Amino acid sequence: MTPLEGSPPPSGDGGAGDGDGDGARLSARDFLGPALLSHIERVRADARRVVAASEQGESAEPDAEAVHDFRVSLRRLRTLLKPARRIYGRRRLRPVAEGLREFARATGALRDEEVLRETLTALELDEAARAAVAGWVAQRARREREARAHIVELLRHDRPGDAGAAQADAPTAGDAGATQADAPAAGERLRLEPHLARLERRISRRKARKRGAEALARRAIGDALDDVRALAASDPGDGAAMHALRIRFKRLRYSAETFSPLFGERAERAAKSASRMQRRLGQLHDADEALAQMRSAEELAPDARAAVIEALVAERARLAHKATEELARELETLTSLWSDDPRALPGG
């Protein structure tokens, strides 16, 4: 699988390398346009998998892996919109970014329930506390099913990839100033396809700012690195800061993966480094969220709840210590890979 997850390589031979060669001559539009279209189709394909699995019968459970893949592909597409604004226009892409963000938020409850279950069942507890947690988790299982079913319902009515539905939602006066037109009214169902179709239309138009692919890539990776470094010195005990740092590492990872055809092994190693920190900080955030849930879980017996909280506090301290060690190591790796600001290298 390529860094673009199955997308065709950009035209030209500036694929692998260290930022020199044909990558400097390839336009940002010619590189990023196919990447965006590939990600749009991946979002649609994953959405169709979710719906197809749910239509195998009334007793069929939604495909958990398909739902997860859909949420990941949606996150990747959202990440690409940031550099895309530099060539397709911030104002014209704002309605798309806002629409995708709202849809992503609607799917967040599912992940919250999934990771809460996984975090609690992985704790080392005595028999009594483990039994109490198992019962509490079982009572919440309905919430996870409902959250997954909610995503299925949204996608079933959205008809991802349906050209007729997309055309019906197409603005009649162009794309400019469409934020209010596209925003769902109170009580109106969230839609995904109109935003995907809008993005496709914008990409297909010849009008785009002239910028080299390599310059765009340097800017995207440089900005992502700056965002990471800005929070790298945060207190590991600050859960909100650690969660924000995780999101920034995730953006760095997706940016490096997207532009790896231009930077080769250097970008691939940067993506792996960011992925490791994303995973570790994700574990830390999961522990924080579980602690917040347990501190308000009055249904649990006091002794059992105290035991779970004690175990979570110890686990969070362990994860914070490992995250601090690994953060220093990964920042050193990233610095060695990008010893100069990517935006200042030749051709940028």
# chains A, B, ... in the order shown; residues from 1 in each chain; ligands from 1
$ residues_around --residues "A:Ala233" --least-positions-apart "2" --cutoff "12 Å" --atoms "only C-alpha atoms" --output "compact mmCIF listing (two decimals) with all heavy atoms, in the first residue's frame"
# COMPACT_ATOMS: atom_id res chain seq x y z
N ASP A 227 3.92 22.99 15.08
CA ASP A 227 2.81 22.74 15.98
C ASP A 227 3.19 21.73 17.06
O ASP A 227 2.80 21.88 18.23
CB ASP A 227 1.60 22.22 15.19
CG ASP A 227 0.94 23.32 14.36
OD1 ASP A 227 1.23 24.50 14.62
OD2 ASP A 227 0.14 22.98 13.46
N VAL A 228 3.93 20.70 16.69
CA VAL A 228 4.37 19.70 17.66
C VAL A 228 5.33 20.33 18.67
O VAL A 228 5.19 20.16 19.88
CB VAL A 228 5.05 18.51 16.94
CG1 VAL A 228 5.86 17.67 17.92
CG2 VAL A 228 4.00 17.65 16.26
N ARG A 229 6.32 21.05 18.16
CA ARG A 229 7.33 21.64 19.05
C ARG A 229 6.72 22.65 20.02
O ARG A 229 7.19 22.81 21.14
CB ARG A 229 8.42 22.31 18.21
CG ARG A 229 9.32 21.31 17.49
CD ARG A 229 10.17 21.99 16.44
NE ARG A 229 11.09 21.06 15.80
CZ ARG A 229 11.56 21.17 14.58
NH1 ARG A 229 11.16 22.21 13.84
NH2 ARG A 229 12.39 20.29 14.08
N ALA A 230 5.66 23.32 19.60
CA ALA A 230 5.04 24.33 20.45
C ALA A 230 4.45 23.73 21.72
O ALA A 230 4.33 24.42 22.74
CB ALA A 230 3.95 25.07 19.67
N LEU A 231 4.07 22.46 21.68
CA LEU A 231 3.48 21.81 22.85
C LEU A 231 4.37 20.75 23.47
O LEU A 231 4.00 20.14 24.47
CB LEU A 231 2.14 21.16 22.47
CG LEU A 231 0.94 22.09 22.30
CD1 LEU A 231 -0.30 21.28 21.96
CD2 LEU A 231 0.69 22.90 23.57
N ASP A 235 3.49 20.02 30.42
CA ASP A 235 3.50 19.12 31.58
C ASP A 235 2.75 17.84 31.23
O ASP A 235 1.59 17.89 30.83
CB ASP A 235 2.84 19.82 32.77
CG ASP A 235 2.81 18.97 34.03
OD1 ASP A 235 3.30 17.82 33.99
OD2 ASP A 235 2.28 19.47 35.04
N PRO A 236 3.39 16.66 31.39
CA PRO A 236 2.69 15.41 31.08
C PRO A 236 1.47 15.17 31.95
O PRO A 236 0.59 14.36 31.61
CB PRO A 236 3.74 14.32 31.32
CG PRO A 236 4.99 14.99 31.69
CD PRO A 236 4.79 16.46 31.76
N GLY A 237 1.39 15.90 33.06
CA GLY A 237 0.21 15.78 33.90
C GLY A 237 -0.98 16.58 33.39
O GLY A 237 -2.09 16.43 33.90
N ASP A 238 -0.76 17.41 32.40
CA ASP A 238 -1.82 18.22 31.81
C ASP A 238 -2.49 17.40 30.71
O ASP A 238 -2.01 17.34 29.57
CB ASP A 238 -1.22 19.51 31.25
CG ASP A 238 -2.27 20.48 30.72
OD1 ASP A 238 -3.41 20.05 30.44
OD2 ASP A 238 -1.95 21.67 30.55
N ALA A 241 -3.37 19.25 27.39
CA ALA A 241 -2.20 19.55 26.56
C ALA A 241 -1.68 18.29 25.87
O ALA A 241 -1.28 18.34 24.71
CB ALA A 241 -1.10 20.20 27.40
N MET A 242 -1.68 17.17 26.60
CA MET A 242 -1.20 15.92 26.00
C MET A 242 -2.12 15.46 24.88
O MET A 242 -1.67 14.93 23.86
CB MET A 242 -1.09 14.83 27.07
CG MET A 242 0.00 15.07 28.11
SD MET A 242 1.69 15.07 27.41
CE MET A 242 1.98 16.85 27.24
N LEU A 245 -1.34 17.60 21.94
CA LEU A 245 -0.08 17.20 21.34
C LEU A 245 -0.28 15.94 20.49
O LEU A 245 0.32 15.80 19.41
CB LEU A 245 0.96 16.94 22.43
CG LEU A 245 2.36 16.54 21.97
CD1 LEU A 245 2.97 17.60 21.05
CD2 LEU A 245 3.26 16.29 23.18
N ALA A 323 5.79 8.16 27.95
CA ALA A 323 5.56 9.19 26.94
C ALA A 323 6.64 10.26 27.00
O ALA A 323 7.12 10.75 25.96
CB ALA A 323 4.18 9.81 27.12
N THR A 324 7.05 10.64 28.22
CA THR A 324 8.09 11.66 28.38
C THR A 324 9.42 11.18 27.80
O THR A 324 10.11 11.92 27.09
CB THR A 324 8.27 12.01 29.87
OG1 THR A 324 7.03 12.48 30.40
CG2 THR A 324 9.33 13.09 30.05
N LEU A 327 9.02 10.88 23.95
CA LEU A 327 8.89 12.18 23.30
C LEU A 327 10.28 12.78 23.05
O LEU A 327 10.55 13.29 21.95
CB LEU A 327 8.06 13.13 24.16
CG LEU A 327 7.89 14.55 23.64
CD1 LEU A 327 7.24 14.55 22.26
CD2 LEU A 327 7.06 15.38 24.62
N ALA A 328 11.16 12.70 24.04
CA ALA A 328 12.51 13.23 23.86
C ALA A 328 13.22 12.50 22.73
O ALA A 328 13.90 13.13 21.89
CB ALA A 328 13.29 13.10 25.17
N LEU A 331 11.55 13.41 19.26
CA LEU A 331 11.89 14.78 18.84
C LEU A 331 13.32 14.83 18.31
O LEU A 331 13.61 15.56 17.35
CB LEU A 331 11.71 15.75 20.01
CG LEU A 331 10.27 16.14 20.36
CD1 LEU A 331 10.25 17.02 21.59
CD2 LEU A 331 9.58 16.84 19.18
$ closest_residue --among "A:Leu74, A:Val50, A:Ala304, A:Val67" --to "A:Ser38" --atoms "only C-alpha atoms"
A:Leu74
$ closest_residue --among "A:Ala307, A:Leu312, A:Leu37, A:Ala297" --to "A:His285" --atoms "only C-alpha atoms"
A:Leu312
$ atom_distance --atom1 "atom CA of A:Leu284" --atom2 "atom CA of A:Thr333"
21.5 Å
$ closest_residue --among "A:Ile87, A:Ala147, A:Ala220, A:Ala320" --to "A:Asp112" --atoms "only C-alpha atoms"
A:Ala147
$ residues_around --residues "A:Tyr88" --least-positions-apart "2" --cutoff "6 Å" --atoms "only C-alpha atoms" --output "PyMOL selection string"
chain A and resi 84-85+208
$ residues_around --residues "A:Ala132" --least-positions-apart "3" --cutoff "12 Å" --atoms "only C-alpha atoms" --output "ChimeraX atom specification"
/A:120-121,125-129,135-139,297,299-308
$ closest_residue --among "A:Leu93, A:Ala274, A:Leu26, A:Ala52" --to "A:Leu196" --atoms "only C-alpha atoms"
A:Leu93
$ atom_distance --atom1 "atom CA of A:Val72" --atom2 "atom CA of A:Arg49"
13.6 Å
$ atom_distance --atom1 "atom CA of A:Gly212" --atom2 "atom CA of A:Pro261"
14.1 Å
